[in-house]
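J.: This is the structure, below, for whatever I ask next.
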Amino acid sequence: METIVSGVQCLIENVHEECFTWMPTQEADERSNIPLTPSQREKIYKEVSPKDYVKRPVNMEDARKPWLIVNCGSGVSMLKLDEQQTVEFGRVSTYKRVGGTPLGGGTFLALGCLLTGVSSHQELLELAEKGNAKAIDKLVGDIYGDDYKGLGLSADTVAACFGKLVNPDLREAVKKEDLAASLIQMISWNIAHVARLVATQEGIKTIIFTGSFMHANAVSQKAFAHAFRYWSSGDSRALFMKHEGYVGAVGALAMSNLKQYKESYNGSHNGSPG
């Protein structure tokens, strides 16, 4: 995990616009001096589909720690990255594992291949982008006929992932694109829910998603971005990285270079006087 933390910091500090997010077009326009009221913002988060979100770079200079790093590989680990003041080294980074879930990229790939017959992560992503999860998931509207206003649930809220497939006739006619779409939505929402709970518990407002599951995965990225905007009314944000699949490797290289520097420095200062 230390290499993940090191890689995240190294990339953010050294690569221009390493981080980005997804947001509704209306919110992106707000950055061009078109202000939104809180009620307008809430309406947008409820009504705009994540599919319609647009990609925007993020300036990390103002992103104060703590951060929550959500590393999505085969499974998911969540690390709290913070800073503390020391006498010897000044401000130094600290981290600890604060949560996780076993439902991650490995789950998506294994179940996706079983359900659809494809053999790669990229093929599954391409299917998911074409699919319609609503054809498979049971929605609030399917149960109550409309919005459940007493609980504030809209008709298109998912009540049960894959819930419609209890019907044998629907199982016979199911499309693999819809299976992939429902599967990636189920896993993405699970990760988002756990990350949101952990972030709230730890008092964190900046959540950085990384790891190989996020590579070229706009479907999950948009789902995470929408979830955090909706649940927090825009108070917290989900961020992503250009080099998400290389964070560990970059971190290992940075740590190796630092170790060599320290060894060289110590050697030059511990030698016998001439």
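If you're wondering about the labels, chains in the structure tokens are A, B, ... by order shown, residues count from 1 in each chain, ligands from 1 in order shown.
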May I have the residues within 7 Å of Leu239 (chain A) as a list in words, using only C-alpha atoms and disregarding those fewer than 6 positions away in the same chain?

T.: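 Near Leu239 (chain A), the qualifying residues are Cys19, Phe20, Thr21, Ile207, Ile208 and Phe209 of chain A.
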
J.: Please tabulate, as JSON lines, the residues of region 133-211 of chain A that come within 9 Å of region 113-119 of chain A, each with its closest pair of atoms and the distance in Å to one decimal, counting only C-alpha atoms and ordering rows by chain, then residue number upward.

T.:
{"residue": "A:Lys175", "atom": "CA", "partner": "A:Thr116", "partner_atom": "CA", "distance": 8.6}
{"residue": "A:Lys176", "atom": "CA", "partner": "A:Thr116", "partner_atom": "CA", "distance": 5.1}
{"residue": "A:Glu177", "atom": "CA", "partner": "A:Thr116", "partner_atom": "CA", "distance": 7.9}
{"residue": "A:Leu179", "atom": "CA", "partner": "A:Leu115", "partner_atom": "CA", "distance": 7.1}
{"residue": "A:Ala180", "atom": "CA", "partner": "A:Thr116", "partner_atom": "CA", "distance": 7.3}

J.: Here is a test: counting only C-alpha atoms, which residue of A:Gln26, A:Ser220, A:Ser232, A:Ser154 is nearest to Asn190 (chain A)?

T.: A:Ser220

J.: Looking only at the backbone, which of the residues in region 17-266 of chain A does DSSP tag as strand (DSSP E or B), as an MDAnalysis selection string?

T.: chainID A and resid 19:23 54:57 67:72 76:86 90:101 138:139 148 153 158:160 206:210 237:241

J.: Tell me which protein, DNA and RNA residues are within 6 Å of region 134-144 of chain A, counting only C-alpha atoms, leaving out same-chain ones fewer than 5 positions away, and put them as a VMD selection string.

T.: chain A and resid 155 to 164

J.: Save out the residues we just selected, N, CA and C atoms, as an mmCIF file, in the first residue's frame.

T.:
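What follows is the written file result.cif:
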data_model
loop_
_atom_site.group_PDB
_atom_site.id
_atom_site.type_symbol
_atom_site.label_atom_id
_atom_site.label_comp_id
_atom_site.auth_asym_id
_atom_site.auth_seq_id
_atom_site.Cartn_x
_atom_site.Cartn_y
_atom_site.Cartn_z
ATOM 1 N N ALA A 155 -38.757 6.976 -9.310
ATOM 2 C CA ALA A 155 -39.198 5.722 -9.930
ATOM 3 C C ALA A 155 -38.054 4.940 -10.547
ATOM 4 N N ASP A 156 -36.973 5.631 -10.968
ATOM 5 C CA ASP A 156 -35.867 4.925 -11.618
ATOM 6 C C ASP A 156 -34.751 4.529 -10.654
ATOM 7 N N THR A 157 -34.999 4.656 -9.337
ATOM 8 C CA THR A 157 -34.043 4.168 -8.342
ATOM 9 C C THR A 157 -33.989 2.644 -8.387
ATOM 10 N N VAL A 158 -32.784 2.086 -8.365
ATOM 11 C CA VAL A 158 -32.639 0.627 -8.420
ATOM 12 C C VAL A 158 -33.023 0.032 -7.062
ATOM 13 N N ALA A 159 -34.009 -0.856 -7.086
ATOM 14 C CA ALA A 159 -34.425 -1.557 -5.871
ATOM 15 C C ALA A 159 -33.682 -2.886 -5.729
ATOM 16 N N ALA A 160 -33.415 -3.562 -6.859
ATOM 17 C CA ALA A 160 -32.712 -4.845 -6.820
ATOM 18 C C ALA A 160 -31.912 -5.044 -8.101
ATOM 19 N N CYS A 161 -30.588 -5.106 -7.976
ATOM 20 C CA CYS A 161 -29.750 -5.376 -9.145
ATOM 21 C C CYS A 161 -30.090 -6.764 -9.697
ATOM 22 N N PHE A 162 -30.252 -6.853 -11.008
ATOM 23 C CA PHE A 162 -30.610 -8.094 -11.697
ATOM 24 C C PHE A 162 -32.009 -8.597 -11.297
ATOM 25 N N GLY A 163 -32.778 -7.748 -10.598
ATOM 26 C CA GLY A 163 -34.048 -8.186 -10.017
ATOM 27 C C GLY A 163 -35.084 -8.669 -11.012
ATOM 28 N N LYS A 164 -35.080 -8.135 -12.227
ATOM 29 C CA LYS A 164 -36.084 -8.550 -13.212
ATOM 30 C C LYS A 164 -35.837 -9.958 -13.744
#
